[in-house]
Every structure is written in structure tokens, then in C-alpha cells.
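Have a look at the structure below before the remarks.
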Amino acid sequence: MKKWSAIPALIFFTANLMPFLVISSRLITDQSNPICRKSDSLTFPADRVTVVINGFSEERIPLLTAISEAYSAIAWVAGVIILWCNPATSPNTLVDLAKNASADVIRAPSTSLNHRFFPWGKIKTKGVLICDDDIEPNQSSLNFAFSIWRSDPDRIVGFFVRSHAYDIDSKSWGYVMDREKYSIVLTKLMLVHIKHLQKYSCDDRYAGARLIVDEMNNCEDILMNFVASEGTEKGPVMVAAKGAGVRDHGDSRNDGGGVTGVGLSSRKAEHRQRRGNCITKFHKVLGKMPLKYSYGKVFEEVDEQGLCKKRGKFVLCDDQLLSD
């Protein structure tokens, strides 16, 4: 039995193995690995969401702190969780983060990307907003996305989308951007019902697919779209950014190449091929292709909506100015 001695915002523990823990005066959980438990999520409010921000790079902590504060100030946000997935980060660093950020800080029990979709006990809302630590949307865009999600909460809603496409010659699936249709919302920012998190993490039918995520160290967002589309037989919904748009600090098309400490998907050369391989493997292990295409008729085209800084101004990362 582990013995714990806690003071506000700090937990001391005596064990060689780093357990799952929340560094916060509001919640202390003693378990080495997250365990799926029967949830009363049917009683959770549908008019609020819990934000789960994935954190890894210590260099991004100032930005992460600012983003968590912005989310916590929104009326329909019930709480913010920072899921910290870097095992090399010292406990003192996370203690400081918990003190300064308007969020609970959960240290993930491993580096598995599957933890991004675990239905943590701290989540007490039907809506869950999953996002990266370098995406900074304005509130009007978030309000619009939330209103669209509430109109059909079974579907995943987000700003950043991609598509799957079958290559007849290679008899495999590809991962593409299609200007006319899409089938995958990225974890840059997605709104999703907690029941999809429960199914993703706790349903044994997806155990093999979760192993693929761990083997590839990638593609957890693609698998979530598999899960949601299979359960609803509907595709995701892309929403248009409003007002000042969605600031994408991590996009390499920013002046200077984006913020440092860029995550796993920044290695462009193999990125699309690896994710196409994921789609092919998911299809094989699940025995079906549940991804559904959506057609954004209210949009002129399906494109990136992240904002990059170029020549001192914020422009769409896909703007032609970025190609020169």
C-alpha cells in the first residue's frame, strides 16, 4: 500500500513507480493506472463541458497557462484539466504549473496517447473539449462550436479536419486533405461526448486498435473518429472560425517555424504515410470501415483555419502569402 502525505497543491509519495496522480489541492487520486469504472454520465449536465489540454513540452508551459486561464473564464466550461504526458518533467515543475494554471494537472501514468481519451473521474460533464497546448481559439469561435455540438452531441465537432481515401493500386488507405469532404476531426481541438471516451477507453472491442496507437505512437484522433462514427453512423462536423479565428502557435508555417518543442506530428516527411497506415491497420483489426464523410455545404471549402504570424500580421496558415 502506498503512503501519501499531502499539503495544498503538493503530493509526496513513497514508491519507485510513478503513479497516476493529480497535482492539485482539489483532487488526489491514488492509483498506478487508470481503471474504467461504471459511470453515471447520463446524469451529467449537457450544457457545460470539461476541457482536457494535452501537455508535453515544458517550453510551452507559459502558453499552456495562458490558454488554460482563457478556457476557465468561459461560462459554459465547468473545469479545465491539463493532462501532462512527459515522464521526464520533474514533480516540482508540475507543482508550479498547478499553482499558476487555472486547471487540475493530471500526470499521465505513461506516455500512451490513448490517455487523451480516458474518461477521467474529474470529468463531470457530457461534453468534453480535447485540445492541444498550442491552439488558442477566440471565445466567439468556441461559442459557435459549442452551440453546433449541442445541436447534435453524438457527433464530433472541430475546426481542423482531414479525410480518408482508398488507394486502389496499393490496396491501402491514405490520409489526405480533401477540399470537398472530410471524415476526421483532429485533436488540435475537438468537442466530443463523454460516452465516446468511455467507449474508446473501456470497450474491449477497441483493445487491438488501442495497441496500434501505442505501437505507432500516433493516430489516437483517427481512432476516436472511428469510435464516434461507428456508434452514430454519422460523420463529424467542421465549424468555421469566427472573429479573430483560431491561433495555431504550433504550425510550422508561422514566422520562425512555430513555437519550439513541437509535438510528434511535426515530422512532416513520414506523417501522412504513418497516419494512412494507421487507418489501414484500424480497418483490418476492427474488420470494418466506419468513417463517414461529411460535406460542409455551409463552407466555401474545407481548409485549415489556424492563424499564423506572417510579416507582423496574423493570417490564415493556408493563405497564399505563406507560400512565398
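Naming works like this for the C-alpha cells: A, B, ... for the chains as they're shown, residue 1 at the start of each chain, ligands 1 onward in shown order.
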
**OP:** Please provide the set of residues having any atom within 7 Å of Ile82 (chain A), restricted to only C-alpha atoms, with same-chain residues fewer than 2 positions apart removed, written as a list in words.
**Re:** Val52, Ile53, Asn54, Gly55, Val80, Trp84, Ala103, Asp104, Val105 and Ile106 of chain A

Keeping N, CA and C atoms, export the residues of the selection given above as a PDB file, in the first residue's frame.
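The result, written out as out38.pdb:
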```
ATOM      1  N   VAL A  52      -9.920  19.289 -21.684  1.00  0.00           N
ATOM      2  CA  VAL A  52      -8.742  18.478 -21.397  1.00  0.00           C
ATOM      3  C   VAL A  52      -7.642  18.893 -22.373  1.00  0.00           C
ATOM      4  N   ILE A  53      -6.603  19.546 -21.838  1.00  0.00           N
ATOM      5  CA  ILE A  53      -5.494  20.035 -22.654  1.00  0.00           C
ATOM      6  C   ILE A  53      -4.318  19.083 -22.510  1.00  0.00           C
ATOM      7  N   ASN A  54      -3.806  18.625 -23.628  1.00  0.00           N
ATOM      8  CA  ASN A  54      -2.650  17.730 -23.595  1.00  0.00           C
ATOM      9  C   ASN A  54      -1.372  18.554 -23.489  1.00  0.00           C
ATOM     10  N   GLY A  55      -0.541  18.249 -22.491  1.00  0.00           N
ATOM     11  CA  GLY A  55       0.715  18.960 -22.306  1.00  0.00           C
ATOM     12  C   GLY A  55       1.900  18.026 -22.348  1.00  0.00           C
ATOM     13  N   VAL A  80     -11.146  22.727 -16.175  1.00  0.00           N
ATOM     14  CA  VAL A  80     -10.046  22.515 -17.111  1.00  0.00           C
ATOM     15  C   VAL A  80      -9.075  21.513 -16.499  1.00  0.00           C
ATOM     16  N   TRP A  84      -0.684  15.901 -18.334  1.00  0.00           N
ATOM     17  CA  TRP A  84       0.751  16.029 -18.594  1.00  0.00           C
ATOM     18  C   TRP A  84       1.333  14.673 -18.938  1.00  0.00           C
ATOM     19  N   ALA A 103      -6.360  25.183 -13.582  1.00  0.00           N
ATOM     20  CA  ALA A 103      -6.683  23.826 -14.018  1.00  0.00           C
ATOM     21  C   ALA A 103      -6.182  22.804 -13.013  1.00  0.00           C
ATOM     22  N   ASP A 104      -6.763  21.616 -13.073  1.00  0.00           N
ATOM     23  CA  ASP A 104      -6.181  20.456 -12.410  1.00  0.00           C
ATOM     24  C   ASP A 104      -5.103  19.898 -13.319  1.00  0.00           C
ATOM     25  N   VAL A 105      -4.035  19.422 -12.736  1.00  0.00           N
ATOM     26  CA  VAL A 105      -2.946  18.850 -13.520  1.00  0.00           C
ATOM     27  C   VAL A 105      -2.868  17.361 -13.227  1.00  0.00           C
ATOM     28  N   ILE A 106      -3.116  16.564 -14.239  1.00  0.00           N
ATOM     29  CA  ILE A 106      -3.029  15.112 -14.119  1.00  0.00           C
ATOM     30  C   ILE A 106      -1.742  14.649 -14.789  1.00  0.00           C
TER      31      ILE A 106
END
```

Subject >> Residue contacts of Arg210 (chain A) (7 Å, only C-alpha atoms) excluding same-chain residues fewer than 4 positions away, as a list in words >> reply: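 My reading of the contact set: Asn114, Tyr206 and Asp214 of chain A.
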
**OP:** Would you please work out which residue, of A:Val227, A:Val161, A:Asp133, A:Val192, is nearest to Glu180 (chain A) when using only C-alpha atoms?
**Re:** A:Val161

Original post:
Using the chain letters and numbers from this document, which residues of region 149-295 of chain A does DSSP assign to strand (DSSP E), as number ranges by chain?
Top reply: A: 157-158, 161-167, 172-176, 184-185, 189-193, 237-238, 246-248

Subject >> Non-local contacts of region 278-287 of chain A (12 Å; only C-alpha atoms; under 3 positions in same chain excluded) as a PyMOL selection string >> reply: chain A and resi 163-167+170-176+183-184+204-227+230+271-275+290-291

**OP:** Identify which of the residues A:Asn86, A:Asp154, A:Arg162, A:Asn143 lies closest to Gly276 (chain A), counting only C-alpha atoms when measuring atom-to-atom distances.
**Re:**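 Using only C-alpha atoms, the shortest distance to Gly276 (chain A) belongs to A:Arg162.
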
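Of note, CA of Met177 (chain A) and CA of Ser112 (chain A) are spaced 26.2 Å apart.
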
Original post:
CA of Gly127 (chain A) and CA of Tyr293 (chain A), how far apart in Å?
Top reply: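 Computed distance, CA of Tyr293 (chain A) to CA of Gly127 (chain A), equals 22.6 Å.
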
Original post:
Residues at most 12 Å from Pro153 (chain A), counting only C-alpha atoms, excluding those fewer than 3 positions away in the same chain, as a VMD selection string?
Top reply: chain A and resid 46 to 49 126 to 129 145 to 150 156 to 157 190 to 196 228 232 234 236 to 237

Generate a file of the selected residues that holds N, CA, C and O atoms, formatted as a compact mmCIF listing (two decimals), in the first residue's frame.
```txt
# COMPACT_ATOMS: atom_id res chain seq x y z
N ALA A 46 -25.51 18.62 -19.82
CA ALA A 46 -25.19 18.68 -21.24
C ALA A 46 -24.90 20.10 -21.70
O ALA A 46 -24.51 20.30 -22.86
N ASP A 47 -25.08 21.06 -20.80
CA ASP A 47 -24.91 22.46 -21.19
C ASP A 47 -23.55 23.01 -20.77
O ASP A 47 -23.32 24.22 -20.84
N ARG A 48 -22.66 22.14 -20.33
CA ARG A 48 -21.31 22.56 -19.95
C ARG A 48 -20.31 21.52 -20.44
O ARG A 48 -20.68 20.37 -20.73
N VAL A 49 -19.05 21.90 -20.51
CA VAL A 49 -18.02 20.96 -20.95
C VAL A 49 -16.83 21.01 -20.00
O VAL A 49 -16.64 21.98 -19.25
N LYS A 126 -21.20 16.03 -19.86
CA LYS A 126 -21.36 15.19 -21.05
C LYS A 126 -20.44 15.65 -22.17
O LYS A 126 -19.98 14.85 -22.98
N GLY A 127 -20.19 16.93 -22.23
CA GLY A 127 -19.31 17.47 -23.25
C GLY A 127 -17.87 17.51 -22.78
O GLY A 127 -17.58 17.88 -21.65
N VAL A 128 -16.95 17.11 -23.66
CA VAL A 128 -15.52 17.17 -23.37
C VAL A 128 -14.84 17.85 -24.54
O VAL A 128 -15.05 17.47 -25.71
N LEU A 129 -14.05 18.87 -24.25
CA LEU A 129 -13.28 19.56 -25.28
C LEU A 129 -11.83 19.11 -25.16
O LEU A 129 -11.18 19.39 -24.17
N ALA A 145 -18.79 26.85 -31.94
CA ALA A 145 -18.55 25.41 -31.99
C ALA A 145 -19.38 24.68 -30.94
O ALA A 145 -19.95 23.62 -31.21
N PHE A 146 -19.47 25.25 -29.74
CA PHE A 146 -20.23 24.62 -28.67
C PHE A 146 -21.72 24.57 -29.02
O PHE A 146 -22.40 23.57 -28.76
N SER A 147 -22.24 25.63 -29.62
CA SER A 147 -23.66 25.65 -29.99
C SER A 147 -23.94 24.60 -31.06
O SER A 147 -25.01 23.95 -31.03
N ILE A 148 -23.02 24.40 -31.99
CA ILE A 148 -23.21 23.38 -33.02
C ILE A 148 -23.15 21.99 -32.39
O ILE A 148 -23.96 21.11 -32.72
N TRP A 149 -22.20 21.78 -31.47
CA TRP A 149 -22.10 20.47 -30.81
C TRP A 149 -23.37 20.16 -30.02
O TRP A 149 -23.88 19.04 -30.07
N ARG A 150 -23.91 21.13 -29.32
CA ARG A 150 -25.12 20.90 -28.51
C ARG A 150 -26.31 20.53 -29.39
O ARG A 150 -27.22 19.82 -28.94
N ILE A 156 -18.71 14.41 -33.46
CA ILE A 156 -17.52 15.17 -33.10
C ILE A 156 -17.54 16.49 -33.86
O ILE A 156 -17.85 16.53 -35.05
N VAL A 157 -17.21 17.58 -33.18
CA VAL A 157 -17.20 18.91 -33.78
C VAL A 157 -15.80 19.51 -33.60
O VAL A 157 -15.19 19.37 -32.53
N MET A 190 -11.25 19.38 -30.50
CA MET A 190 -12.48 18.68 -30.84
C MET A 190 -13.42 18.67 -29.64
O MET A 190 -12.99 18.56 -28.49
N LEU A 191 -14.69 18.79 -29.92
CA LEU A 191 -15.75 18.62 -28.93
C LEU A 191 -16.36 17.24 -29.13
O LEU A 191 -16.75 16.88 -30.24
N VAL A 192 -16.44 16.47 -28.04
CA VAL A 192 -16.89 15.10 -28.14
C VAL A 192 -17.70 14.73 -26.90
O VAL A 192 -17.47 15.27 -25.81
N HIS A 193 -18.65 13.83 -27.06
CA HIS A 193 -19.46 13.36 -25.94
C HIS A 193 -18.65 12.39 -25.09
O HIS A 193 -17.89 11.57 -25.62
N ILE A 194 -18.83 12.44 -23.78
CA ILE A 194 -18.04 11.58 -22.89
C ILE A 194 -18.31 10.10 -23.16
O ILE A 194 -17.45 9.25 -22.90
N LYS A 195 -19.48 9.77 -23.71
CA LYS A 195 -19.75 8.36 -23.99
C LYS A 195 -18.77 7.80 -25.01
O LYS A 195 -18.45 6.60 -25.00
N HIS A 196 -18.27 8.65 -25.90
CA HIS A 196 -17.28 8.19 -26.87
C HIS A 196 -15.93 7.95 -26.19
O HIS A 196 -15.19 7.05 -26.59
N ALA A 228 -16.54 7.18 -32.79
CA ALA A 228 -17.74 8.01 -32.84
C ALA A 228 -18.59 7.70 -34.07
O ALA A 228 -19.82 7.61 -33.98
N THR A 232 -22.53 6.20 -34.18
CA THR A 232 -23.59 7.11 -34.62
C THR A 232 -23.97 6.96 -36.09
O THR A 232 -25.02 7.44 -36.51
N LYS A 234 -22.65 8.58 -38.34
CA LYS A 234 -22.61 9.96 -38.83
C LYS A 234 -21.16 10.41 -38.91
O LYS A 234 -20.31 9.96 -38.14
N PRO A 236 -18.24 13.61 -38.79
CA PRO A 236 -18.02 14.74 -37.89
C PRO A 236 -18.53 16.04 -38.49
O PRO A 236 -19.04 16.06 -39.62
N VAL A 237 -18.40 17.12 -37.73
CA VAL A 237 -18.84 18.43 -38.19
C VAL A 237 -17.69 19.42 -38.07
O VAL A 237 -17.10 19.59 -37.00
```
